[in-house]
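As stored in start-v5.cif (mmCIF, C-alpha atoms and all ligand atoms):
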```
data_input
loop_
_atom_site.label_atom_id
_atom_site.label_comp_id
_atom_site.auth_asym_id
_atom_site.auth_seq_id
_atom_site.Cartn_x
_atom_site.Cartn_y
_atom_site.Cartn_z
CA MET A 1 12.67 15.21 13.28
CA LEU A 2 12.53 14.96 9.47
CA ILE A 3 11.03 17.95 7.65
CA ASP A 4 10.66 18.10 3.86
CA GLY A 5 11.20 21.07 1.54
CA HIS A 6 7.57 22.14 1.99
CA GLY A 7 7.69 22.13 5.79
CA ARG A 8 5.88 18.80 6.22
CA LYS A 9 6.95 16.46 9.00
CA VAL A 10 7.92 13.06 7.57
CA ASN A 11 7.66 10.13 9.99
CA TYR A 12 6.37 7.29 7.80
CA LEU A 13 8.52 4.91 5.75
CA ARG A 14 6.97 2.38 3.36
CA ILE A 15 9.33 -0.37 2.30
CA SER A 16 8.74 -2.58 -0.72
CA VAL A 17 10.71 -5.76 0.02
CA THR A 18 10.12 -7.28 -3.41
CA GLU A 19 8.52 -6.26 -6.69
CA ARG A 20 7.59 -9.89 -7.39
CA CYS A 21 4.05 -11.03 -6.97
CA ASN A 22 2.01 -14.21 -7.16
CA PHE A 23 -0.99 -12.22 -8.51
CA ARG A 24 -1.26 -10.22 -11.73
CA CYS A 25 -3.88 -7.65 -10.75
CA GLN A 26 -5.06 -5.87 -13.86
CA TYR A 27 -4.76 -2.46 -12.21
CA CYS A 28 -1.21 -3.05 -11.04
CA MET A 29 0.68 -5.27 -13.46
CA PRO A 30 1.46 -4.86 -17.16
CA GLU A 31 -0.40 -7.14 -19.54
CA LYS A 32 2.67 -8.24 -21.43
CA PRO A 33 5.24 -10.52 -19.82
CA PHE A 34 8.12 -8.59 -18.31
CA SER A 35 11.32 -9.45 -16.55
CA TRP A 36 11.81 -9.11 -12.82
CA VAL A 37 14.80 -7.40 -11.33
CA PRO A 38 17.38 -10.16 -10.68
CA LYS A 39 17.30 -11.33 -7.08
CA GLU A 40 20.96 -10.38 -6.59
CA ASN A 41 20.01 -6.73 -7.14
CA LEU A 42 17.70 -6.75 -4.13
CA LEU A 43 18.99 -5.37 -0.87
CA SER A 44 19.37 -7.90 1.92
CA PHE A 45 17.25 -7.47 5.04
CA GLU A 46 20.45 -6.43 6.85
CA ASP A 47 21.08 -3.63 4.33
CA LEU A 48 17.47 -2.47 4.44
CA PHE A 49 17.63 -2.56 8.22
CA LEU A 50 20.71 -0.34 8.28
CA PHE A 51 18.72 2.33 6.47
CA ILE A 52 15.70 1.76 8.70
CA LYS A 53 17.84 2.43 11.77
CA VAL A 54 18.99 5.70 10.19
CA GLY A 55 15.37 6.62 9.53
CA ILE A 56 14.18 5.68 13.02
CA ASP A 57 17.03 7.60 14.64
CA GLU A 58 16.00 10.67 12.57
CA GLY A 59 12.29 10.42 13.51
CA ILE A 60 10.56 7.65 11.54
CA ASP A 61 8.02 6.04 13.89
CA LYS A 62 5.73 4.32 11.42
CA ILE A 63 6.78 1.61 8.95
CA ARG A 64 4.75 -0.38 6.45
CA ILE A 65 6.20 -3.38 4.65
CA THR A 66 4.75 -3.88 1.19
CA GLY A 67 5.63 -5.01 -2.35
CA GLY A 68 4.93 -6.65 -4.88
CA GLU A 69 3.78 -9.32 -2.53
CA PRO A 70 5.88 -9.04 0.64
CA LEU A 71 5.01 -12.53 1.86
CA LEU A 72 6.91 -13.96 -1.12
CA ARG A 73 10.15 -12.83 0.49
CA ALA A 74 11.50 -15.74 2.54
CA ASP A 75 11.83 -15.21 6.29
CA LEU A 76 9.95 -11.93 6.30
CA ASP A 77 9.24 -12.51 9.98
CA SER A 78 12.97 -12.19 10.73
CA PHE A 79 12.93 -8.73 9.11
CA VAL A 80 9.85 -7.77 11.12
CA LYS A 81 11.65 -8.88 14.28
CA MET A 82 14.78 -6.82 13.48
CA ILE A 83 12.64 -3.68 13.26
CA SER A 84 10.44 -4.51 16.21
CA ASP A 85 13.41 -5.36 18.47
CA TYR A 86 15.10 -2.04 17.57
CA LYS A 87 12.02 0.04 18.35
CA PRO A 88 9.33 -2.03 20.09
CA ASP A 89 6.80 0.81 20.13
CA ILE A 90 7.04 1.42 16.37
CA ASP A 91 3.79 1.35 14.41
CA LEU A 92 4.69 -1.62 12.21
CA ALA A 93 2.26 -2.80 9.54
CA LEU A 94 2.14 -4.86 6.35
CA THR A 95 0.14 -4.68 3.13
CA THR A 96 -0.48 -8.05 1.50
CA ASN A 97 -2.72 -9.79 -1.00
CA GLY A 98 -3.35 -12.33 1.77
CA PHE A 99 -2.64 -15.45 -0.30
CA LEU A 100 0.15 -16.71 1.97
CA LEU A 101 -1.22 -15.27 5.19
CA LYS A 102 -2.69 -18.48 6.54
CA GLU A 103 0.80 -19.96 6.74
CA THR A 104 2.59 -16.84 7.98
CA ALA A 105 0.22 -14.88 10.23
CA GLN A 106 1.30 -16.46 13.52
CA LYS A 107 5.03 -16.05 12.79
CA LEU A 108 4.52 -12.41 11.81
CA LYS A 109 2.53 -11.69 14.95
CA ASP A 110 5.17 -13.39 17.12
CA ALA A 111 7.88 -11.32 15.40
CA GLY A 112 6.18 -8.05 16.38
CA LEU A 113 3.86 -7.17 13.50
CA LYS A 114 0.85 -5.22 14.74
CA ARG A 115 -1.47 -4.68 11.80
CA LEU A 116 -2.01 -5.50 8.20
CA ASN A 117 -4.04 -4.41 5.22
CA VAL A 118 -5.32 -7.16 2.97
CA SER A 119 -6.40 -6.44 -0.60
CA LEU A 120 -9.80 -7.91 -1.38
CA ASP A 121 -11.53 -6.77 -4.55
CA SER A 122 -14.27 -9.35 -4.87
CA LEU A 123 -16.13 -12.02 -2.94
CA LYS A 124 -16.88 -13.93 -6.14
CA ALA A 125 -14.23 -16.49 -7.04
CA GLY A 126 -14.58 -15.84 -10.79
CA VAL A 127 -14.31 -12.06 -10.45
CA ALA A 128 -11.36 -12.30 -8.04
CA MET A 129 -9.72 -14.56 -10.61
CA LYS A 130 -10.47 -12.11 -13.42
CA ILE A 131 -8.84 -9.26 -11.50
CA ALA A 132 -5.83 -11.13 -10.06
CA GLN A 133 -5.54 -13.44 -13.09
CA ARG A 134 -5.07 -16.29 -10.58
CA ASP A 135 -7.52 -18.42 -8.57
CA VAL A 136 -7.10 -16.60 -5.27
CA LEU A 137 -10.30 -16.03 -3.31
CA ILE A 138 -10.45 -18.99 -0.91
CA LYS A 139 -6.82 -18.64 0.18
CA VAL A 140 -7.23 -14.89 0.73
CA LEU A 141 -10.36 -15.37 2.87
CA GLU A 142 -8.61 -18.08 4.89
CA GLY A 143 -5.66 -15.74 5.34
CA ILE A 144 -7.88 -12.96 6.68
CA ASP A 145 -9.47 -15.34 9.18
CA ARG A 146 -6.10 -16.63 10.36
CA ALA A 147 -4.73 -13.10 10.81
CA LEU A 148 -7.75 -12.21 12.95
CA HIS A 149 -7.43 -15.44 14.89
CA VAL A 150 -3.82 -14.71 15.88
CA GLY A 151 -4.75 -11.20 16.99
CA LEU A 152 -3.44 -9.02 14.16
CA GLY A 153 -5.33 -5.82 13.35
CA VAL A 154 -6.77 -6.11 9.83
CA LYS A 155 -8.10 -3.59 7.33
CA ILE A 156 -9.40 -4.39 3.86
CA ASN A 157 -8.27 -2.51 0.72
CA SER A 158 -10.50 -2.68 -2.33
CA VAL A 159 -10.24 -1.09 -5.79
CA PRO A 160 -13.68 -0.84 -7.46
CA LEU A 161 -13.48 -1.08 -11.24
CA LYS A 162 -16.30 -0.26 -13.63
CA GLY A 163 -17.89 -3.32 -15.22
CA ILE A 164 -15.73 -5.71 -13.18
CA ASN A 165 -16.45 -5.49 -9.44
CA ASP A 166 -18.47 -2.29 -9.15
CA ASP A 167 -21.55 -4.36 -8.26
CA GLU A 168 -19.79 -5.58 -5.10
CA VAL A 169 -19.23 -2.29 -3.28
CA LEU A 170 -22.05 -3.08 -0.82
CA ALA A 171 -21.22 -6.78 -0.47
CA LEU A 172 -17.60 -5.96 0.39
CA LEU A 173 -18.73 -3.33 2.91
CA GLU A 174 -21.04 -5.84 4.54
CA PHE A 175 -18.36 -8.53 4.57
CA ALA A 176 -15.91 -6.19 6.31
CA LYS A 177 -18.59 -4.94 8.71
CA SER A 178 -19.57 -8.49 9.66
CA LYS A 179 -15.98 -9.10 10.74
CA ASN A 180 -15.66 -5.67 12.34
CA LEU A 181 -12.88 -4.64 9.94
CA GLN A 182 -12.54 -1.26 8.30
CA ILE A 183 -12.77 -1.35 4.51
CA ARG A 184 -11.03 1.34 2.50
CA TYR A 185 -12.02 1.71 -1.14
CA ILE A 186 -9.13 2.98 -3.26
CA GLU A 187 -9.83 4.95 -6.40
CA TYR A 188 -8.05 3.36 -9.32
CA MET A 189 -4.84 5.32 -9.97
CA GLU A 190 -3.97 5.47 -13.64
CA ASN A 191 -0.49 4.21 -14.40
CA ARG A 192 1.10 3.05 -17.57
CA PHE A 193 1.71 -0.47 -16.26
CA ALA A 194 -1.94 -1.24 -15.65
CA LYS A 195 -4.20 -2.82 -18.22
CA GLU A 196 -5.31 -0.15 -20.64
CA LYS A 197 -8.94 0.94 -20.64
CA LEU A 198 -9.60 0.15 -16.98
CA GLN A 199 -11.90 2.63 -15.33
CA GLY A 200 -12.25 3.00 -11.60
CA LEU A 201 -15.22 4.21 -9.62
CA ASN A 202 -14.59 7.64 -8.17
CA ALA A 203 -15.21 8.55 -4.54
CA GLN A 204 -18.64 10.02 -5.27
CA GLU A 205 -19.74 6.98 -7.24
CA ILE A 206 -18.70 4.72 -4.36
CA GLN A 207 -20.67 6.86 -1.89
CA ASP A 208 -23.70 6.88 -4.21
CA ILE A 209 -23.76 3.08 -4.24
CA ILE A 210 -23.46 2.81 -0.46
CA SER A 211 -26.17 5.43 0.03
CA THR A 212 -28.68 3.21 -1.82
CA LYS A 213 -28.76 1.07 1.32
CA TYR A 214 -27.17 2.99 4.21
CA SER A 215 -27.20 6.50 5.64
CA PHE A 216 -23.77 7.76 6.55
CA LYS A 217 -21.94 10.97 7.33
CA PRO A 218 -18.38 12.08 6.60
CA VAL A 219 -16.22 12.13 9.71
CA GLY A 220 -13.10 13.61 8.12
CA ARG A 221 -9.64 12.32 7.59
CA VAL A 222 -7.17 11.23 10.25
CA ALA A 223 -4.16 13.57 9.90
CA SER A 224 -1.69 12.35 7.26
CA SER A 225 -3.93 9.43 6.29
CA PRO A 226 -5.07 9.38 2.66
CA ALA A 227 -8.46 7.89 3.60
CA HIS A 228 -11.57 10.03 4.04
CA LEU A 229 -13.70 8.29 6.66
CA PHE A 230 -17.49 7.89 6.72
CA GLU A 231 -19.70 6.60 9.52
CA LEU A 232 -22.88 4.55 9.16
CA GLU A 233 -25.73 5.16 11.62
CA ASP A 234 -24.61 2.20 13.72
CA GLY A 235 -21.12 3.69 14.09
CA TYR A 236 -19.33 1.43 11.56
CA ARG A 237 -16.67 3.38 9.67
CA PHE A 238 -15.42 2.88 6.12
CA GLY A 239 -12.83 4.86 4.17
CA ILE A 240 -12.30 6.11 0.64
CA ILE A 241 -8.84 6.92 -0.67
CA ASP A 242 -9.16 9.58 -3.31
CA PRO A 243 -5.78 10.43 -4.83
CA HIS A 244 -7.47 12.55 -7.48
CA LYS A 245 -8.17 15.12 -4.79
CA HIS A 246 -4.97 16.77 -3.68
CA ASP A 247 -5.86 17.32 -0.04
CA PHE A 248 -3.87 14.42 1.30
CA CYS A 249 -0.68 15.79 -0.26
CA GLU A 250 -0.96 18.80 2.05
CA ASP A 251 0.10 16.79 5.09
CA CYS A 252 1.88 13.92 3.33
CA ASN A 253 4.23 12.34 5.87
CA ARG A 254 5.66 9.46 3.86
CA ILE A 255 8.61 8.31 1.83
CA ARG A 256 9.10 5.00 0.05
CA LEU A 257 12.02 2.62 -0.28
CA THR A 258 12.16 -0.08 -2.98
CA ALA A 259 13.74 -3.50 -2.70
CA GLU A 260 16.61 -2.25 -4.87
CA GLY A 261 17.31 0.61 -2.49
CA MET A 262 15.68 3.49 -4.37
CA LEU A 263 14.32 6.12 -2.00
CA ILE A 264 11.21 7.68 -3.51
CA PRO A 265 9.74 10.94 -2.25
CA CYS A 266 6.35 10.71 -4.02
CA LEU A 267 4.35 7.76 -5.36
CA TYR A 268 3.38 9.59 -8.53
CA PHE A 269 6.75 10.75 -9.80
CA ASP A 270 9.65 8.75 -11.19
CA GLU A 271 12.36 10.67 -9.28
CA ALA A 272 14.34 8.67 -6.70
CA MET A 273 17.82 8.38 -5.18
CA SER A 274 19.68 5.20 -4.32
CA ILE A 275 20.80 4.30 -0.82
CA LYS A 276 22.29 1.02 -2.05
CA GLU A 277 25.94 2.02 -2.13
CA SER A 278 25.85 3.73 1.25
CA VAL A 279 24.17 0.85 3.09
CA GLN A 280 26.30 -1.79 1.42
CA LYS A 281 29.40 0.10 2.60
CA GLY A 282 27.83 0.48 6.05
CA ASP A 283 28.14 4.26 5.64
CA VAL A 284 25.44 5.55 7.96
CA GLN A 285 26.26 9.22 7.33
CA ALA A 286 25.99 8.81 3.54
CA ALA A 287 22.61 7.07 3.96
CA ALA A 288 21.40 9.91 6.20
CA ASN A 289 22.56 12.45 3.59
CA VAL A 290 20.56 10.72 0.83
CA LEU A 291 17.51 10.71 3.10
CA LYS A 292 17.82 14.44 3.70
CA GLU A 293 18.36 15.24 0.03
CA VAL A 294 15.30 13.21 -0.99
CA LEU A 295 13.21 15.02 1.60
CA ALA A 296 14.45 18.43 0.48
CA ASN A 297 13.20 17.59 -3.03
CA LYS A 298 9.90 15.94 -2.13
CA PRO A 299 7.26 17.23 -4.58
CA GLU A 300 4.43 19.33 -3.22
CA LYS A 301 1.67 17.15 -4.69
CA ASN A 302 0.93 14.35 -7.11
CA LYS A 303 -0.43 14.95 -10.60
CA TRP A 304 -3.49 12.71 -10.40
CA SER A 305 -4.94 15.84 -8.89
CA SER A 306 -4.04 17.83 -11.98
CA ASP A 307 -6.84 19.61 -13.80
CA SER A 308 -5.77 18.06 -17.08
CA GLU A 309 -7.51 14.81 -17.96
CA ASN A 310 -5.88 11.39 -18.03
CA GLU A 311 -2.83 12.04 -15.88
CA THR A 312 -0.92 8.77 -15.80
CA SER A 313 1.97 7.94 -13.53
CA ASP A 314 5.16 6.31 -14.81
CA ARG A 315 5.51 4.45 -11.55
CA ALA A 316 4.75 0.75 -11.33
CA PHE A 317 2.78 0.05 -8.16
CA TYR A 318 4.18 -3.43 -7.83
CA GLU A 319 7.66 -1.85 -7.50
CA THR A 320 6.81 0.91 -5.09
CA GLY A 321 4.15 -0.77 -3.01
CA GLY A 322 1.17 1.43 -3.88
N1 LIG B 1 0.59 -7.10 -3.01
C1 LIG B 1 0.09 -6.39 -1.89
C2 LIG B 1 -1.37 -6.09 -2.02
O1 LIG B 1 -1.91 -6.25 -3.10
O2 LIG B 1 -1.96 -5.67 -1.02
C3 LIG B 1 0.87 -5.12 -1.60
C4 LIG B 1 1.27 -4.27 -2.76
S1 LIG B 1 -0.06 -3.53 -3.66
C5 LIG B 1 0.83 -2.62 -4.87
C6 LIG B 1 -0.62 -2.30 -2.48
C7 LIG B 1 -1.98 -1.75 -2.74
O3 LIG B 1 -1.95 -1.00 -3.92
C8 LIG B 1 -3.09 -2.80 -2.90
O4 LIG B 1 -4.12 -2.55 -1.97
C9 LIG B 1 -3.59 -2.57 -4.30
O5 LIG B 1 -4.98 -2.77 -4.38
C10 LIG B 1 -3.21 -1.13 -4.56
N2 LIG B 1 -3.04 -0.80 -5.97
C11 LIG B 1 -2.23 -1.35 -6.86
N3 LIG B 1 -2.35 -0.76 -8.07
C12 LIG B 1 -3.29 0.20 -7.91
C13 LIG B 1 -3.86 1.18 -8.79
N4 LIG B 1 -3.50 1.28 -10.06
N5 LIG B 1 -4.79 2.01 -8.29
C14 LIG B 1 -5.17 1.92 -7.00
N6 LIG B 1 -4.66 1.03 -6.12
C15 LIG B 1 -3.73 0.18 -6.58
FE1 LIG B 2 0.40 -8.11 -6.70
FE2 LIG B 2 -0.59 -6.41 -4.94
FE3 LIG B 2 -0.07 -5.62 -7.45
FE4 LIG B 2 -2.07 -7.30 -7.03
S1 LIG B 2 -1.91 -5.19 -6.25
S2 LIG B 2 -0.48 -7.52 -8.62
S3 LIG B 2 -1.33 -8.48 -5.37
S4 LIG B 2 1.42 -6.24 -5.96
#
```
Is it possible to give me this structure as structure tokens?
Amino acid sequence: MLIDGHGRKVNYLRISVTERCNFRCQYCMPEKPFSWVPKENLLSFEDLFLFIKVGIDEGIDKIRITGGEPLLRADLDSFVKMISDYKPDIDLALTTNGFLLKETAQKLKDAGLKRLNVSLDSLKAGVAMKIAQRDVLIKVLEGIDRALHVGLGVKINSVPLKGINDDEVLALLEFAKSKNLQIRYIEYMENRFAKEKLQGLNAQEIQDIISTKYSFKPVGRVASSPAHLFELEDGYRFGIIDPHKHDFCEDCNRIRLTAEGMLIPCLYFDEAMSIKESVQKGDVQAAANVLKEVLANKPEKNKWSSDSENETSDRAFYETGG
């Protein structure tokens, strides 16, 4: 079992397989052009898998593949299969923008993927284009339908932004409800890579909008999940992820690995240690040592929850996977 320096059990590994993305979401990507990490600096699936085996052997039983856009990485299904074959009962999920899902959903399901979260911020083509800075909506909706068709579990992630898509909180809820999918609204997390001047809706503002049409009650938070859940009168549940409240740090169970092999103990902070050298040498013990050192130094909580205004993370979400 993996225990961090604050006594929390860590069993959840999120792996960003690429920082590259086919979208340029305003809340995630810098406005100015920037250069990607050269492809040769990325760890191969074999190298990532060596670390994953170390993690699983030490107690990781939940893995999420993310990015950047993970479906941009060729043969992702082969990576899914490596993990699934090693531990068939692992809780294996993916977070995607959905653009390439129509073409890949069946292969991912066959390889052992169980669930995915698809980001959907608007049901209006023009607004989706404004946020992603690409014409994306139709492909994303087709991707969601294909994923459901092949039997993958699907949740929707949505970031409500003031003056951009804040008038779609109810429409997105009703879209998700009509397909029997859980929607989780994510409060915009300030970071220095996002477009300046964006303002997110906070958890209360999201609830206020939903309460104009529906009655609902809070039903708490599943342990170690960042989402607070709410239930409508007909039993439909939606979630709100509120990083500005520090309660989910109390039972944080996760660590993050980037495509370059940086092991990150907390999404907010810049601190990380590399596993690259150890996995490329096939040195399992060295990789396990890095894992333990990172856990020993895992921060107690993020600073979005800080009392001081305008806390901004130095982390780029497209690198770490959000
Ligand atoms: N490209 C995939 C996607 O968009 O789902 C996976 C990576 S993306 C970084 C993971 C999640 O982080 C998405 O649901 C996205 O909406 C969320 N995200 C990115 N930047 C964010 C920010 N500044 N605040 C809140 N959520 C953010
Ligand atoms: Fe790409 Fe996802 Fe970031 Fe949007 S949120 S730019 S889809 S990595």
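Each of A:Ile56, A:Phe175, A:Phe193, A:Ile90 was checked against ligand LIG 2 (chain B) using all atoms listed in the file; the smallest atom-to-atom distance is that of A:Phe193.
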(message) Measuring between only C-alpha atoms, which one of A:Ile138, A:Val279, A:Ala132, A:Val169 shows the shortest distance to Cys25 (chain A)?
(response) A:Ala132
(message) I'd like the neighbourhood of region 42-53 of chain A as a list in words, where a residue qualifies if any of its atoms comes within 7 Å (using all atoms listed in the file), though same-chain residues fewer than 3 positions away should be ignored.
(response) Lys39, Ile56, Asp57, Phe79, Ala259, Glu260, Gly261, Val279, Gln280 and Ala287 of chain A
(message) Which residues are near ligand LIG 1 (chain B) in this structure, taking near to mean any atom at most 8 Å from a ligand atom and counting all atoms listed in the file? Format them as a PyMOL selection string.
(response) chain A and resi 16+21+23+25+27-29+66-70+95-98+117-121+157-159+186-191+194+316-322
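Take CA of Arg256 (chain A) and CA of Arg14 (chain A): the distance between them is 4.7 Å.
Distances from A:Lys62, A:Ile131, A:Asp89, A:Lys107 to ligand LIG 2 (chain B) were compared using all atoms listed in the file, and the smallest one belongs to A:Ile131.
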(request) Please provide as a PyMOL selection string all residues within 9 Å of Glu142 (chain A), with the sequence filter that same-chain residues fewer than 5 positions apart are discarded (counting all atoms listed in the file). (result) chain A and resi 98-99+101-102+137+147
I need the residues from that last selection saved to file as a PDB file, in the frame of the given file (with C-alpha atoms), if you can.
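This is the output file selection-v1.pdb:
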```pdb
ATOM      1  CA  GLY A  98      -3.350 -12.330   1.770  1.00  0.00           C
ATOM      2  CA  PHE A  99      -2.640 -15.450  -0.300  1.00  0.00           C
ATOM      3  CA  LEU A 101      -1.220 -15.270   5.190  1.00  0.00           C
ATOM      4  CA  LYS A 102      -2.690 -18.480   6.540  1.00  0.00           C
ATOM      5  CA  LEU A 137     -10.300 -16.030  -3.310  1.00  0.00           C
ATOM      6  CA  ALA A 147      -4.730 -13.100  10.810  1.00  0.00           C
TER       7      ALA A 147
END
```
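Closest approach to ligand LIG 2 (chain B) among A:Gly7, A:Leu100, A:Ala93, A:Tyr86: A:Leu100, based on all atoms listed in the file.
Proximity of A:Arg134, A:Lys197, A:Arg184, A:Lys292 to Leu229 (chain A), computed with all atoms listed in the file, is greatest for A:Arg184.
Nearest to ligand LIG 2 (chain B) of all the residues A:Val219, A:Leu72, A:Met1, A:Leu291 is A:Leu72, counting all atoms listed in the file.
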Can you tell me, as a PDB file with C-alpha atoms, in the coordinates of the input, what residues are no more than 12 Å from Phe238 (chain A) when counting all atoms listed in the file, ignoring any on the same chain fewer than 3 positions away?
```pdb
ATOM      1  CA  LYS A 155      -8.100  -3.590   7.330  1.00  0.00           C
ATOM      2  CA  ILE A 156      -9.400  -4.390   3.860  1.00  0.00           C
ATOM      3  CA  ASN A 157      -8.270  -2.510   0.720  1.00  0.00           C
ATOM      4  CA  SER A 158     -10.500  -2.680  -2.330  1.00  0.00           C
ATOM      5  CA  VAL A 169     -19.230  -2.290  -3.280  1.00  0.00           C
ATOM      6  CA  LEU A 170     -22.050  -3.080  -0.820  1.00  0.00           C
ATOM      7  CA  LEU A 172     -17.600  -5.960   0.390  1.00  0.00           C
ATOM      8  CA  LEU A 173     -18.730  -3.330   2.910  1.00  0.00           C
ATOM      9  CA  GLU A 174     -21.040  -5.840   4.540  1.00  0.00           C
ATOM     10  CA  PHE A 175     -18.360  -8.530   4.570  1.00  0.00           C
ATOM     11  CA  ALA A 176     -15.910  -6.190   6.310  1.00  0.00           C
ATOM     12  CA  LYS A 177     -18.590  -4.940   8.710  1.00  0.00           C
ATOM     13  CA  ASN A 180     -15.660  -5.670  12.340  1.00  0.00           C
ATOM     14  CA  LEU A 181     -12.880  -4.640   9.940  1.00  0.00           C
ATOM     15  CA  GLN A 182     -12.540  -1.260   8.300  1.00  0.00           C
ATOM     16  CA  ILE A 183     -12.770  -1.350   4.510  1.00  0.00           C
ATOM     17  CA  ARG A 184     -11.030   1.340   2.500  1.00  0.00           C
ATOM     18  CA  TYR A 185     -12.020   1.710  -1.140  1.00  0.00           C
ATOM     19  CA  ILE A 186      -9.130   2.980  -3.260  1.00  0.00           C
ATOM     20  CA  ILE A 206     -18.700   4.720  -4.360  1.00  0.00           C
ATOM     21  CA  GLN A 207     -20.670   6.860  -1.890  1.00  0.00           C
ATOM     22  CA  ILE A 210     -23.460   2.810  -0.460  1.00  0.00           C
ATOM     23  CA  TYR A 214     -27.170   2.990   4.210  1.00  0.00           C
ATOM     24  CA  PHE A 216     -23.770   7.760   6.550  1.00  0.00           C
ATOM     25  CA  LYS A 217     -21.940  10.970   7.330  1.00  0.00           C
ATOM     26  CA  PRO A 218     -18.380  12.080   6.600  1.00  0.00           C
ATOM     27  CA  VAL A 219     -16.220  12.130   9.710  1.00  0.00           C
ATOM     28  CA  GLY A 220     -13.100  13.610   8.120  1.00  0.00           C
ATOM     29  CA  ARG A 221      -9.640  12.320   7.590  1.00  0.00           C
ATOM     30  CA  ALA A 227      -8.460   7.890   3.600  1.00  0.00           C
ATOM     31  CA  HIS A 228     -11.570  10.030   4.040  1.00  0.00           C
ATOM     32  CA  LEU A 229     -13.700   8.290   6.660  1.00  0.00           C
ATOM     33  CA  PHE A 230     -17.490   7.890   6.720  1.00  0.00           C
ATOM     34  CA  GLU A 231     -19.700   6.600   9.520  1.00  0.00           C
ATOM     35  CA  LEU A 232     -22.880   4.550   9.160  1.00  0.00           C
ATOM     36  CA  GLU A 233     -25.730   5.160  11.620  1.00  0.00           C
ATOM     37  CA  ASP A 234     -24.610   2.200  13.720  1.00  0.00           C
ATOM     38  CA  GLY A 235     -21.120   3.690  14.090  1.00  0.00           C
ATOM     39  CA  ILE A 241      -8.840   6.920  -0.670  1.00  0.00           C
TER      40      ILE A 241
END
```
Return the padded bounding box of ligand LIG 2 (chain B) as AutoDock Vina command-line options: axis-aligned, built from all atoms listed in the file, 6 Å added on each side, with centre and edge lengths in Å to one decimal.
```
--center_x -0.3 --center_y -6.8 --center_z -6.8 --size_x 15.5 --size_y 15.3 --size_z 15.7
```
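Here CA of Asn202 (chain A) and CA of Thr258 (chain A) stand 28.3 Å from one another.
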